[in-house]
file entry_16.cif (mmCIF, C-alpha atoms, pLDDT in the B column; chains and numbers go by the auth columns)
data_data
#
loop_
_atom_site.group_PDB
_atom_site.id
_atom_site.type_symbol
_atom_site.label_atom_id
_atom_site.label_comp_id
_atom_site.label_asym_id
_atom_site.label_seq_id
_atom_site.Cartn_x
_atom_site.Cartn_y
_atom_site.Cartn_z
_atom_site.B_iso_or_equiv
_atom_site.auth_seq_id
_atom_site.auth_asym_id
ATOM 1 C CA MET A 1 105.957 151.579 148.685 73.00 1 A
ATOM 2 C CA ASP A 2 105.624 151.031 144.945 79.00 2 A
ATOM 3 C CA HIS A 3 108.473 148.714 143.926 80.00 3 A
ATOM 4 C CA THR A 4 107.644 148.640 140.198 80.00 4 A
ATOM 5 C CA ASN A 5 110.101 151.404 139.268 83.00 5 A
ATOM 6 C CA HIS A 6 112.902 150.199 141.533 92.00 6 A
ATOM 7 C CA VAL A 7 115.992 148.789 139.835 93.00 7 A
ATOM 8 C CA ARG A 8 116.619 145.096 140.512 94.00 8 A
ATOM 9 C CA LEU A 9 120.135 144.219 141.637 94.00 9 A
ATOM 10 C CA ASP A 10 122.314 142.273 139.227 91.00 10 A
ATOM 11 C CA THR A 11 123.743 138.959 140.456 89.00 11 A
ATOM 12 C CA SER A 12 127.169 140.609 140.775 89.00 12 A
ATOM 13 C CA GLU A 13 125.671 143.082 143.285 91.00 13 A
ATOM 14 C CA LEU A 14 124.518 140.363 145.709 91.00 14 A
ATOM 15 C CA THR A 15 127.385 141.041 148.109 91.00 15 A
ATOM 16 C CA PRO A 16 127.499 141.557 151.874 92.00 16 A
ATOM 17 C CA ALA A 17 128.458 145.208 151.334 93.00 17 A
ATOM 18 C CA ASN A 18 125.215 145.793 149.388 94.00 18 A
ATOM 19 C CA LEU A 19 122.814 143.524 151.250 95.00 19 A
ATOM 20 C CA GLU A 20 123.659 143.664 154.958 94.00 20 A
ATOM 21 C CA GLY A 21 121.182 145.941 156.720 95.00 21 A
ATOM 22 C CA ALA A 22 118.688 145.845 153.844 96.00 22 A
ATOM 23 C CA ILE A 23 115.040 145.973 154.896 95.00 23 A
ATOM 24 C CA ILE A 24 112.887 143.038 153.773 96.00 24 A
ATOM 25 C CA TYR A 25 109.253 143.716 152.867 95.00 25 A
ATOM 26 C CA GLY A 26 106.647 140.963 152.753 91.00 26 A
ATOM 27 C CA VAL A 27 103.041 140.611 151.724 82.00 27 A
ATOM 28 C CA ASP A 28 101.098 143.892 151.785 82.00 28 A
ATOM 29 C CA ASP A 29 104.440 145.751 151.927 87.00 29 A
ATOM 30 C CA ASP A 30 104.877 145.017 155.642 90.00 30 A
ATOM 31 C CA LYS A 31 108.431 145.168 156.996 93.00 31 A
ATOM 32 C CA VAL A 32 109.282 141.577 157.942 93.00 32 A
ATOM 33 C CA GLY A 33 112.955 141.905 158.868 94.00 33 A
ATOM 34 C CA THR A 34 116.442 143.027 157.923 95.00 34 A
ATOM 35 C CA VAL A 35 119.445 141.240 156.464 96.00 35 A
ATOM 36 C CA ASP A 36 121.995 140.616 159.204 94.00 36 A
ATOM 37 C CA HIS A 37 124.593 138.783 157.113 95.00 37 A
ATOM 38 C CA LEU A 38 125.111 136.279 154.284 94.00 38 A
ATOM 39 C CA HIS A 39 126.407 132.734 154.078 93.00 39 A
ATOM 40 C CA GLY A 40 128.003 131.970 150.728 86.00 40 A
ATOM 41 C CA VAL A 41 128.630 134.084 147.663 77.00 41 A
ATOM 42 C CA GLY A 42 126.321 135.287 144.887 72.00 42 A
ATOM 43 C CA ALA A 43 122.868 134.056 143.936 74.00 43 A
ATOM 44 C CA ASN A 44 123.273 130.729 145.790 83.00 44 A
ATOM 45 C CA SER A 45 123.889 132.464 149.127 89.00 45 A
ATOM 46 C CA THR A 46 121.714 132.259 152.177 95.00 46 A
ATOM 47 C CA ALA A 47 120.585 135.466 153.856 95.00 47 A
ATOM 48 C CA ILE A 48 120.316 135.506 157.632 96.00 48 A
ATOM 49 C CA ILE A 49 117.301 137.694 158.375 95.00 49 A
ATOM 50 C CA ASP A 50 116.589 139.256 161.775 94.00 50 A
ATOM 51 C CA VAL A 51 112.852 138.984 162.413 93.00 51 A
ATOM 52 C CA GLY A 52 110.922 140.649 165.215 84.00 52 A
ATOM 53 C CA GLY A 53 112.459 142.428 168.141 74.00 53 A
ATOM 54 C CA PHE A 54 112.769 146.162 168.603 69.00 54 A
ATOM 55 C CA LEU A 55 115.730 148.126 167.278 63.00 55 A
ATOM 56 C CA GLY A 56 117.611 144.862 166.787 60.00 56 A
ATOM 57 C CA ILE A 57 117.082 143.706 170.381 72.00 57 A
ATOM 58 C CA GLY A 58 115.296 140.387 170.758 80.00 58 A
ATOM 59 C CA ALA A 59 115.280 139.679 167.025 86.00 59 A
ATOM 60 C CA LYS A 60 115.285 136.064 165.880 92.00 60 A
ATOM 61 C CA PRO A 61 117.725 135.162 163.077 94.00 61 A
ATOM 62 C CA VAL A 62 116.326 132.883 160.361 96.00 62 A
ATOM 63 C CA ALA A 63 117.936 131.632 157.152 96.00 63 A
ATOM 64 C CA LEU A 64 116.401 132.255 153.719 95.00 64 A
ATOM 65 C CA PRO A 65 117.845 131.383 150.307 94.00 65 A
ATOM 66 C CA LEU A 66 118.636 134.523 148.331 93.00 66 A
ATOM 67 C CA ALA A 67 116.339 133.094 145.639 91.00 67 A
ATOM 68 C CA ASP A 68 113.396 133.829 148.004 93.00 68 A
ATOM 69 C CA LEU A 69 114.295 137.529 148.034 95.00 69 A
ATOM 70 C CA ASP A 70 114.041 140.096 145.233 95.00 70 A
ATOM 71 C CA PHE A 71 116.667 142.767 145.946 95.00 71 A
ATOM 72 C CA MET A 72 116.384 146.235 144.412 96.00 72 A
ATOM 73 C CA ARG A 73 117.359 149.872 144.863 95.00 73 A
ATOM 74 C CA ASP A 74 114.749 152.529 145.577 93.00 74 A
ATOM 75 C CA ASP A 75 114.735 156.058 144.159 88.00 75 A
ATOM 76 C CA ASP A 76 117.294 157.129 146.785 90.00 76 A
ATOM 77 C CA GLY A 77 119.635 154.222 145.956 91.00 77 A
ATOM 78 C CA ASP A 78 118.858 152.325 149.166 93.00 78 A
ATOM 79 C CA VAL A 79 118.827 148.524 148.834 96.00 79 A
ATOM 80 C CA HIS A 80 115.806 146.574 150.070 96.00 80 A
ATOM 81 C CA ALA A 81 114.065 143.338 149.137 96.00 81 A
ATOM 82 C CA ILE A 82 110.597 141.909 148.765 95.00 82 A
ATOM 83 C CA THR A 83 109.502 138.368 149.531 95.00 83 A
ATOM 84 C CA THR A 84 106.318 136.315 149.608 94.00 84 A
ATOM 85 C CA TRP A 85 107.067 135.246 153.206 92.00 85 A
ATOM 86 C CA THR A 86 105.041 136.899 155.958 91.00 86 A
ATOM 87 C CA LYS A 87 106.485 138.013 159.292 89.00 87 A
ATOM 88 C CA ASP A 88 104.487 135.291 161.071 90.00 88 A
ATOM 89 C CA GLN A 89 105.842 132.602 158.722 91.00 89 A
ATOM 90 C CA LEU A 90 109.398 133.784 159.311 91.00 90 A
ATOM 91 C CA LYS A 91 108.874 133.857 163.083 90.00 91 A
ATOM 92 C CA GLU A 92 107.761 130.208 162.927 92.00 92 A
ATOM 93 C CA MET A 93 110.988 129.136 161.170 92.00 93 A
ATOM 94 C CA PRO A 94 113.757 127.540 163.235 93.00 94 A
ATOM 95 C CA GLU A 95 116.263 129.965 164.678 93.00 95 A
ATOM 96 C CA HIS A 96 119.520 130.105 162.717 93.00 96 A
ATOM 97 C CA LEU A 97 122.529 129.483 164.918 86.00 97 A
ATOM 98 C CA ASP A 98 125.944 130.521 163.579 74.00 98 A
#
call {"tool": "encode", "arguments": {"input": "entry_16.cif", "output": "C-alpha coordinates"}}
result
Amino acid sequence: MDHTNHVRLDTSELTPANLEGAIIYGVDDDKVGTVDHLHGVGANSTAIIDVGGFLGIGAKPVALPLADLDFMRDDDGDVHAITTWTKDQLKEMPEHLD
(Lines of atoms letter the chains of each structure in order from A and count residues from 1; the text may use other names and numbers.)
(Lines give C-alpha, C1' and ligand atoms only; values in the text may rest on other atoms or scores of the structure.)
Protein backbone atom coordinates (compact mmCIF):
# COMPACT_ATOMS: atom_id res chain seq x y z
CA MET A 1 0.00 0.00 0.00
CA ASP A 2 1.36 3.41 -0.96
CA HIS A 3 0.88 5.67 2.08
CA THR A 4 2.31 8.83 0.48
CA ASN A 5 -1.08 10.22 -0.58
CA HIS A 6 -2.89 9.28 2.62
CA VAL A 7 -3.98 12.13 4.87
CA ARG A 8 -2.28 12.20 8.28
CA LEU A 9 -4.61 12.53 11.26
CA ASP A 10 -4.53 15.78 13.19
CA THR A 11 -3.78 15.58 16.92
CA SER A 12 -7.46 16.30 17.65
CA GLU A 13 -8.39 13.13 15.72
CA LEU A 14 -6.32 10.82 17.95
CA THR A 15 -9.39 9.54 19.78
CA PRO A 16 -10.57 6.03 20.65
CA ALA A 17 -13.47 6.41 18.20
CA ASN A 18 -11.00 6.97 15.34
CA LEU A 19 -8.15 4.68 16.35
CA GLU A 20 -9.64 1.54 17.89
CA GLY A 21 -9.56 -1.27 15.33
CA ALA A 22 -7.04 0.51 13.11
CA ILE A 23 -4.59 -1.78 11.33
CA ILE A 24 -0.90 -1.14 12.03
CA TYR A 25 1.59 -1.69 9.21
CA GLY A 26 5.30 -2.17 9.85
CA VAL A 27 8.44 -2.46 7.79
CA ASP A 28 7.83 -3.63 4.21
CA ASP A 29 4.13 -2.80 4.68
CA ASP A 30 3.50 -5.99 6.67
CA LYS A 31 0.45 -5.99 8.96
CA VAL A 32 1.87 -6.10 12.49
CA GLY A 33 -1.29 -5.69 14.57
CA THR A 34 -4.42 -3.71 15.33
CA VAL A 35 -5.26 -1.06 17.90
CA ASP A 36 -7.34 -2.60 20.67
CA HIS A 37 -7.72 0.49 22.85
CA LEU A 38 -5.96 3.62 24.16
CA HIS A 39 -4.67 4.72 27.54
CA GLY A 40 -4.71 8.49 27.94
CA VAL A 41 -5.88 11.28 25.68
CA GLY A 42 -4.33 12.87 22.59
CA ALA A 43 -0.76 12.67 21.32
CA ASN A 44 0.64 11.52 24.69
CA SER A 45 -1.60 8.43 24.77
CA THR A 46 -0.46 4.86 24.70
CA ALA A 47 -1.96 2.50 22.14
CA ILE A 48 -2.56 -1.10 23.17
CA ILE A 49 -1.81 -3.14 20.06
CA ASP A 50 -2.95 -6.74 19.55
CA VAL A 51 -0.10 -8.63 17.89
CA GLY A 52 -0.27 -12.13 16.44
CA GLY A 53 -3.14 -14.51 16.86
CA PHE A 54 -5.81 -15.30 14.30
CA LEU A 55 -8.99 -13.27 14.01
CA GLY A 56 -8.26 -11.72 17.40
CA ILE A 57 -7.88 -15.09 19.15
CA GLY A 58 -4.53 -15.66 20.83
CA ALA A 59 -3.31 -12.12 20.17
CA LYS A 60 -0.81 -10.60 22.59
CA PRO A 61 -1.51 -7.02 23.74
CA VAL A 62 1.53 -4.72 23.85
CA ALA A 63 1.76 -1.02 24.68
CA LEU A 64 3.22 1.53 22.25
CA PRO A 65 3.38 5.32 22.63
CA LEU A 66 1.23 7.03 20.02
CA ALA A 67 4.40 8.88 18.99
CA ASP A 68 5.67 5.54 17.55
CA LEU A 69 2.67 5.37 15.21
CA ASP A 70 1.82 7.54 12.20
CA PHE A 71 -1.97 7.48 11.83
CA MET A 72 -3.62 8.36 8.52
CA ARG A 73 -6.72 7.83 6.40
CA ASP A 74 -6.57 5.90 3.14
CA ASP A 75 -8.48 6.76 -0.03
CA ASP A 76 -11.61 5.11 1.40
CA GLY A 77 -11.38 7.08 4.67
CA ASP A 78 -10.27 4.08 6.72
CA VAL A 79 -7.79 4.86 9.52
CA HIS A 80 -4.55 2.88 9.74
CA ALA A 81 -1.03 3.53 10.97
CA ILE A 82 2.55 2.81 10.03
CA THR A 83 5.44 2.16 12.39
CA THR A 84 9.10 1.21 12.23
CA TRP A 85 8.47 -1.71 14.62
CA THR A 86 8.40 -5.19 13.11
CA LYS A 87 5.93 -7.90 14.11
CA ASP A 88 8.77 -9.92 15.67
CA GLN A 89 9.92 -6.92 17.74
CA LEU A 90 6.39 -6.34 18.99
CA LYS A 91 5.96 -10.03 19.84
CA GLU A 92 9.12 -9.82 21.98
CA MET A 93 7.72 -6.90 24.03
CA PRO A 94 6.22 -7.62 27.45
CA GLU A 95 2.52 -8.36 27.44
CA HIS A 96 0.38 -5.40 28.51
CA LEU A 97 -1.94 -6.28 31.36
CA ASP A 98 -4.88 -3.95 32.02
call {"tool": "resolve_selection", "arguments": {"input": "entry_16.cif", "expression": "the PyMOL selection byres ((chain A and resi 47) around 10)", "output": "PyMOL selection string"}}
result
chain A and resi 16+19-20+34-40+44-46+48-50+61-69
call {"tool": "write_last_selection", "arguments": {"input": "entry_16.cif", "atoms": "C-alpha atoms", "output": "PDB file, in the coordinates of the input"}}
result
ATOM      1  CA  PRO A  16     127.499 141.557 151.874  1.00 92.00           C
ATOM      2  CA  LEU A  19     122.814 143.524 151.250  1.00 95.00           C
ATOM      3  CA  GLU A  20     123.659 143.664 154.958  1.00 94.00           C
ATOM      4  CA  THR A  34     116.442 143.027 157.923  1.00 95.00           C
ATOM      5  CA  VAL A  35     119.445 141.240 156.464  1.00 96.00           C
ATOM      6  CA  ASP A  36     121.995 140.616 159.204  1.00 94.00           C
ATOM      7  CA  HIS A  37     124.593 138.783 157.113  1.00 95.00           C
ATOM      8  CA  LEU A  38     125.111 136.279 154.284  1.00 94.00           C
ATOM      9  CA  HIS A  39     126.407 132.734 154.078  1.00 93.00           C
ATOM     10  CA  GLY A  40     128.003 131.970 150.728  1.00 86.00           C
ATOM     11  CA  ASN A  44     123.273 130.729 145.790  1.00 83.00           C
ATOM     12  CA  SER A  45     123.889 132.464 149.127  1.00 89.00           C
ATOM     13  CA  THR A  46     121.714 132.259 152.177  1.00 95.00           C
ATOM     14  CA  ILE A  48     120.316 135.506 157.632  1.00 96.00           C
ATOM     15  CA  ILE A  49     117.301 137.694 158.375  1.00 95.00           C
ATOM     16  CA  ASP A  50     116.589 139.256 161.775  1.00 94.00           C
ATOM     17  CA  PRO A  61     117.725 135.162 163.077  1.00 94.00           C
ATOM     18  CA  VAL A  62     116.326 132.883 160.361  1.00 96.00           C
ATOM     19  CA  ALA A  63     117.936 131.632 157.152  1.00 96.00           C
ATOM     20  CA  LEU A  64     116.401 132.255 153.719  1.00 95.00           C
ATOM     21  CA  PRO A  65     117.845 131.383 150.307  1.00 94.00           C
ATOM     22  CA  LEU A  66     118.636 134.523 148.331  1.00 93.00           C
ATOM     23  CA  ALA A  67     116.339 133.094 145.639  1.00 91.00           C
ATOM     24  CA  ASP A  68     113.396 133.829 148.004  1.00 93.00           C
ATOM     25  CA  LEU A  69     114.295 137.529 148.034  1.00 95.00           C
TER      26      LEU A  69
END
call {"tool": "closest_residue", "arguments": {"input": "entry_16.cif", "among": "A:Leu14, A:Arg8, A:Asp70, A:Met93", "to": "A:Gly26", "atoms": "all atoms listed in the file"}}
result
A:Asp70
call {"tool": "resolve_selection", "arguments": {"input": "entry_16.cif", "expression": "the PyMOL selection byres ((chain A and resi 4) around 12)", "output": "list in words"}}
result
Met1, Asp2, His3, Asn5, His6, Val7, Arg8, Asp70, Met72, Arg73, Asp74, Asp75 and Ile82 of chain A
call {"tool": "atom_distance", "arguments": {"input": "entry_16.cif", "atom1": "atom CA of A:Asp88", "atom2": "atom CA of A:Lys31"}}
result
11.4 Å
call {"tool": "resolve_selection", "arguments": {"input": "entry_16.cif", "expression": "the PyMOL selection byres ((chain A and resi 90) around 9)", "output": "CSV table (one decimal) with C-alpha atoms, keeping the file's coordinate frame"}}
result
chain,number,residue,atom,x,y,z
A,32,VAL,CA,109.3,141.6,157.9
A,33,GLY,CA,113.0,141.9,158.9
A,49,ILE,CA,117.3,137.7,158.4
A,51,VAL,CA,112.9,139.0,162.4
A,62,VAL,CA,116.3,132.9,160.4
A,85,TRP,CA,107.1,135.2,153.2
A,86,THR,CA,105.0,136.9,156.0
A,87,LYS,CA,106.5,138.0,159.3
A,88,ASP,CA,104.5,135.3,161.1
A,89,GLN,CA,105.8,132.6,158.7
A,91,LYS,CA,108.9,133.9,163.1
A,92,GLU,CA,107.8,130.2,162.9
A,93,MET,CA,111.0,129.1,161.2
A,94,PRO,CA,113.8,127.5,163.2
call {"tool": "axis_aligned_box", "arguments": {"input": "entry_16.cif", "around": "stretch 22-33 of chain A", "padding_each_side": "5 Å", "output": "AutoDock Vina command-line options"}}
result
--center_x 109.9 --center_y 143.3 --center_z 155.3 --size_x 27.6 --size_y 15.4 --size_z 17.1
call {"tool": "atom_distance", "arguments": {"input": "entry_16.cif", "atom1": "atom CA of A:Ala43", "atom2": "atom CA of A:Asp98"}}
result
20.2 Å
call {"tool": "closest_residue", "arguments": {"input": "entry_16.cif", "among": "A:His96, A:Ile24, A:Glu13, A:Asn18", "to": "A:His80", "atoms": "all atoms listed in the file"}}
result
A:Ile24
call {"tool": "atom_distance", "arguments": {"input": "entry_16.cif", "atom1": "atom CA of A:Ile23", "atom2": "atom CA of A:Ile57"}}
result
15.8 Å
call {"tool": "closest_residue", "arguments": {"input": "entry_16.cif", "among": "A:Thr11, A:Ala59, A:Ala17, A:Ala22", "to": "A:Ala81", "atoms": "only C-alpha atoms"}}
result
A:Ala22
